[in-house]
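A.B. asks: File target.cif below, mmCIF, C-alpha atoms and all ligand atoms; chains and numbers go by the auth columns:
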data_data
loop_
_atom_site.group_PDB
_atom_site.id
_atom_site.type_symbol
_atom_site.label_atom_id
_atom_site.label_comp_id
_atom_site.label_asym_id
_atom_site.label_seq_id
_atom_site.Cartn_x
_atom_site.Cartn_y
_atom_site.Cartn_z
_atom_site.B_iso_or_equiv
_atom_site.auth_seq_id
_atom_site.auth_asym_id
ATOM 1 C CA MET A 1 11.519 16.058 6.479 0.00 189 O
ATOM 2 C CA THR A 2 11.134 19.508 8.008 0.00 190 O
ATOM 3 C CA LYS A 3 7.773 20.705 9.202 0.00 191 O
ATOM 4 C CA ALA A 4 6.788 24.321 8.669 0.00 192 O
ATOM 5 C CA ARG A 5 7.059 25.333 12.309 0.00 193 O
ATOM 6 C CA GLY A 6 5.038 28.196 13.682 0.00 194 O
ATOM 7 C CA SER A 7 2.476 27.767 10.966 0.00 195 O
ATOM 8 C CA SER A 8 -1.135 26.682 11.114 0.00 196 O
ATOM 9 C CA ARG A 9 -0.744 24.933 7.770 0.00 197 O
ATOM 10 C CA TRP A 10 -0.255 21.572 9.449 0.00 198 O
ATOM 11 C CA ASN A 11 -3.683 21.983 10.997 0.00 199 O
ATOM 12 C CA LYS A 12 -5.221 22.243 7.539 0.00 200 O
ATOM 13 C CA LEU A 13 -3.047 19.942 5.497 0.00 201 O
ATOM 14 C CA PRO A 14 -3.653 16.280 6.279 0.00 202 O
ATOM 15 C CA GLY A 15 -0.499 14.486 7.330 0.00 203 O
ATOM 16 C CA ARG A 16 -1.830 11.290 5.844 0.00 204 O
ATOM 17 C CA ILE A 17 -4.307 10.748 3.031 0.00 205 O
ATOM 18 C CA ARG A 18 -6.095 7.443 2.532 0.00 206 O
ATOM 19 C CA VAL A 19 -6.360 6.491 -1.136 0.00 207 O
ATOM 20 C CA THR A 20 -8.083 3.176 -0.399 0.00 208 O
ATOM 21 C CA PRO A 21 -9.137 1.613 2.918 0.00 209 O
ATOM 22 C CA ARG A 22 -5.721 -0.084 3.085 0.00 210 O
ATOM 23 C CA VAL A 23 -3.427 2.342 1.289 0.00 211 O
ATOM 24 C CA SER A 24 -2.486 5.770 2.559 0.00 212 O
ATOM 25 C CA TYR A 25 0.175 8.305 1.669 0.00 213 O
ATOM 26 C CA ARG A 26 2.020 10.471 4.146 0.00 214 O
ATOM 27 C CA VAL A 27 2.140 14.149 3.173 0.00 215 O
ATOM 28 C CA GLY A 28 4.956 16.471 4.162 0.00 216 O
ATOM 29 C CA LEU A 29 5.939 20.085 3.605 0.00 217 O
ATOM 30 C CA VAL A 30 9.584 20.693 2.863 0.00 218 O
ATOM 31 C CA PRO A 31 10.874 24.283 2.510 0.00 219 O
ATOM 32 C CA ASP A 32 13.870 23.253 0.399 0.00 220 O
ATOM 33 C CA LEU A 33 12.235 20.458 -1.558 0.00 221 O
ATOM 34 C CA SER A 34 14.506 20.647 -4.579 0.00 222 O
ATOM 35 C CA SER A 35 17.188 22.864 -6.023 0.00 223 O
ATOM 36 C CA GLU A 36 15.148 22.754 -9.222 0.00 224 O
ATOM 37 C CA PRO A 37 12.749 25.729 -8.869 0.00 225 O
ATOM 38 C CA LYS A 38 10.082 24.119 -11.084 0.00 226 O
ATOM 39 C CA ILE A 39 9.701 21.138 -8.751 0.00 227 O
ATOM 40 C CA MET A 40 6.739 21.906 -6.446 0.00 228 O
ATOM 41 C CA GLY A 41 5.942 18.400 -5.317 0.00 229 O
ATOM 42 C CA GLU A 42 7.386 14.931 -5.326 0.00 230 O
ATOM 43 C CA PHE A 43 5.756 11.553 -5.143 0.00 231 O
ATOM 44 C CA TYR A 44 7.466 8.406 -3.846 0.00 232 O
ATOM 45 C CA ASP A 45 5.432 5.317 -4.669 0.00 233 O
ATOM 46 C CA THR A 46 7.646 2.773 -2.897 0.00 234 O
ATOM 47 C CA VAL A 47 7.338 4.494 0.494 0.00 235 O
ATOM 48 C CA ARG A 48 3.941 6.088 -0.219 0.00 236 O
ATOM 49 C CA LEU A 49 5.066 9.612 0.479 0.00 237 O
ATOM 50 C CA ILE A 50 4.138 12.965 -1.043 0.00 238 O
ATOM 51 C CA LEU A 51 6.386 15.946 -0.394 0.00 239 O
ATOM 52 C CA LEU A 52 5.374 19.485 -1.274 0.00 240 O
ATOM 53 C CA ARG A 53 7.374 22.691 -1.393 0.00 241 O
ATOM 54 C CA GLY A 54 6.510 24.309 1.899 0.00 242 O
ATOM 55 C CA THR A 55 6.913 27.866 0.648 0.00 243 O
ATOM 56 C CA LEU A 56 3.932 27.595 -1.716 0.00 244 O
ATOM 57 C CA PRO A 57 0.837 29.688 -1.016 0.00 245 O
ATOM 58 C CA ASP A 58 -2.103 27.619 0.292 0.00 246 O
ATOM 59 C CA ARG A 59 -4.029 27.584 -2.977 0.00 247 O
ATOM 60 C CA GLU A 60 -0.989 26.375 -4.936 0.00 248 O
ATOM 61 C CA LEU A 61 -0.245 23.859 -2.204 0.00 249 O
ATOM 62 C CA ARG A 62 -3.714 22.334 -2.613 0.00 250 O
ATOM 63 C CA LEU A 63 -3.331 22.100 -6.372 0.00 251 O
ATOM 64 C CA TYR A 64 0.102 20.477 -6.193 0.00 252 O
ATOM 65 C CA LEU A 65 -1.185 18.079 -3.547 0.00 253 O
ATOM 66 C CA PHE A 66 -3.997 17.181 -5.918 0.00 254 O
ATOM 67 C CA HIS A 67 -1.431 16.679 -8.712 0.00 255 O
ATOM 68 C CA GLU A 68 0.651 14.331 -6.585 0.00 256 O
ATOM 69 C CA LEU A 69 -2.495 12.490 -5.440 0.00 257 O
ATOM 70 C CA LEU A 70 -3.320 11.834 -9.090 0.00 258 O
ATOM 71 C CA HIS A 71 0.078 10.115 -9.377 0.00 259 O
ATOM 72 C CA ALA A 72 -0.810 8.100 -6.268 0.00 260 O
ATOM 73 C CA VAL A 73 -4.196 7.094 -7.715 0.00 261 O
ATOM 74 C CA SER A 74 -2.507 6.130 -10.964 0.00 262 O
ATOM 75 C CA ASP A 75 -0.071 3.954 -9.030 0.00 263 O
ATOM 76 C CA VAL A 76 -2.566 2.353 -6.631 0.00 264 O
ATOM 77 C CA TYR A 77 -5.129 1.623 -9.341 0.00 265 O
ATOM 78 C CA ASP A 78 -2.439 0.635 -11.857 0.00 266 O
ATOM 79 C CA LEU A 79 -3.675 3.214 -14.389 0.00 267 O
ATOM 80 C CA GLY A 80 -0.305 4.049 -15.863 0.00 268 O
ATOM 81 C CA LEU A 81 -1.139 7.750 -16.246 0.00 269 O
ATOM 82 C CA THR A 82 1.607 9.728 -17.931 0.00 270 O
ATOM 83 C CA GLU A 83 2.840 13.085 -16.611 0.00 271 O
ATOM 84 C CA LYS A 84 0.919 14.703 -19.478 0.00 272 O
ATOM 85 C CA GLN A 85 -2.311 12.953 -18.480 0.00 273 O
ATOM 86 C CA VAL A 86 -1.859 13.818 -14.805 0.00 274 O
ATOM 87 C CA ALA A 87 -1.146 17.444 -15.729 0.00 275 O
ATOM 88 C CA GLY A 88 -4.223 17.519 -17.997 0.00 276 O
ATOM 89 C CA ILE A 89 -6.542 16.199 -15.279 0.00 277 O
ATOM 90 C CA GLU A 90 -5.028 18.646 -12.788 0.00 278 O
ATOM 91 C CA ARG A 91 -5.548 21.530 -15.235 0.00 279 O
ATOM 92 C CA ALA A 92 -9.156 20.472 -15.877 0.00 280 O
ATOM 93 C CA PHE A 93 -9.966 20.360 -12.152 0.00 281 O
ATOM 94 C CA ARG A 94 -8.180 23.669 -11.611 0.00 282 O
ATOM 95 C CA ARG A 95 -10.575 25.137 -14.189 0.00 283 O
ATOM 96 C CA ILE A 96 -13.603 23.418 -12.630 0.00 284 O
ATOM 97 C CA LEU A 97 -12.656 24.854 -9.224 0.00 285 O
ATOM 98 C CA ARG A 98 -12.190 28.303 -10.724 0.00 286 O
ATOM 99 C CA LEU A 99 -15.583 28.112 -12.450 0.00 287 O
ATOM 100 C CA ASN A 100 -17.258 26.756 -9.304 0.00 288 O
ATOM 101 C CA PRO A 101 -15.840 28.715 -6.367 0.00 289 O
ATOM 102 C CA GLY A 102 -18.159 26.892 -3.968 0.00 290 O
ATOM 103 C CA LEU A 103 -16.209 23.676 -4.467 0.00 291 O
ATOM 104 C CA ARG A 104 -13.259 22.929 -2.183 0.00 292 O
ATOM 105 C CA LEU A 105 -10.862 20.021 -2.136 0.00 293 O
ATOM 106 C CA PHE A 106 -10.254 20.436 1.583 0.00 294 O
HETATM 107 ZN ZN ZN B . 3.592 15.076 -11.925 0.00 301 W
#
Write out the structure in this file as structure tokens.
C.D. replies:
Amino acid sequence: MTKARGSSRWNKLPGRIRVTPRVSYRVGLVPDLSSEPKIMGEFYDTVRLILLRGTLPDRELRLYLFHELLHAVSDVYDLGLTEKQVAGIERAFRRILRLNPGLRLF
């Protein structure tokens, strides 16, 4: 994992996010996350790790982090959410945040 050196983004982006009191996920920024340009984030349930494409603008980074956290919640709470369901919830919250600019995820 490569940190985005020389950037203040690590000061804003939590390196670890607690999903329950006992379960947390490490979060990392990786400039060259995937050769597939559509992949903006990846979620690894077995090692509880979320990787995000480090070249994303902050706003997009927050949304993709939220997307990957939904996968984590689905895994931890055994919800079995499909990619379509995760994407739908993400889209709905994206709209809620757009309609309510006072709200912030972090
Ligand atoms: Zn997904």
A.B. asks: Here is a test: counting all atoms listed in the file, which residue of O:Leu240, O:Leu285, O:Val264, O:Leu291 is nearest to ligand ZN 301 (chain W)?
C.D. replies: O:Leu240
A.B. asks: Using all atoms listed in the file, which protein or nucleic acid residues are at most 12 Å from ligand ZN 301 (chain W), as a PyMOL selection string?
C.D. replies: chain O and resi 226-232+238-240+251-262+269-279
A.B. asks: Just the residues within 6 Å of range 208-223 of chain O, please, counting all atoms listed in the file, with nothing from its chain fewer than 6 positions along; format it as a short mmCIF file (atom, residue, chain, number, x, y, z; two decimals) with C-alpha atoms, in the frame of the given file.
C.D. replies:
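Full text of around19.cif as output:
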data_model
loop_
_atom_site.label_atom_id
_atom_site.label_comp_id
_atom_site.auth_asym_id
_atom_site.auth_seq_id
_atom_site.Cartn_x
_atom_site.Cartn_y
_atom_site.Cartn_z
CA THR O 190 11.13 19.51 8.01
CA LYS O 191 7.77 20.70 9.20
CA ARG O 236 3.94 6.09 -0.22
CA LEU O 237 5.07 9.61 0.48
CA ILE O 238 4.14 12.96 -1.04
CA LEU O 239 6.39 15.95 -0.39
CA LEU O 240 5.37 19.48 -1.27
CA ARG O 241 7.37 22.69 -1.39
CA GLY O 242 6.51 24.31 1.90
CA THR O 243 6.91 27.87 0.65
#
A.B. asks: In Å, rounded to a single decimal, give me how far CA of Leu244 in chain O is from CA of Leu267 in chain O.
C.D. replies: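 We find that CA of Leu267 in chain O and CA of Leu244 in chain O lie 28.5 Å from each other.
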A.B. asks: Which one of O:Ile205, O:Asp233, O:Glu224, O:Arg250 sits closest to Arg282 in chain O if you count only C-alpha atoms?
C.D. replies: O:Arg250
A.B. asks: Using Å and a single decimal, report how far CA of Arg206 in chain O sits from CA of Tyr265 in chain O.
C.D. replies: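 Computing it gives 13.3 Å between the two atoms.
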A.B. asks: Have a look at CA of Arg283 in chain O and CA of Lys200 in chain O and let me know their distance in Å, one decimal.
C.D. replies: 22.6 Å
A.B. asks: Ranking O:Ile284, O:Asp266, O:Leu249, O:Gly290 by minimum distance to Leu201 in chain O and counting only C-alpha atoms, which one comes first?
C.D. replies: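 Of O:Ile284, O:Asp266, O:Leu249, O:Gly290, the one nearest Leu201 in chain O, counting only C-alpha atoms, is O:Leu249.
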A.B. asks: Calculate, to one decimal in Å, the centre and edge lengths of the box along x, y and z of the file that holds all listed atoms of range 204-207 of chain O with 5 Å of margin on each side, and present them as AutoDock Vina command-line options.
C.D. replies:
--center_x -4.1 --center_y 8.9 --center_z 2.4 --size_x 14.5 --size_y 14.8 --size_z 17.0
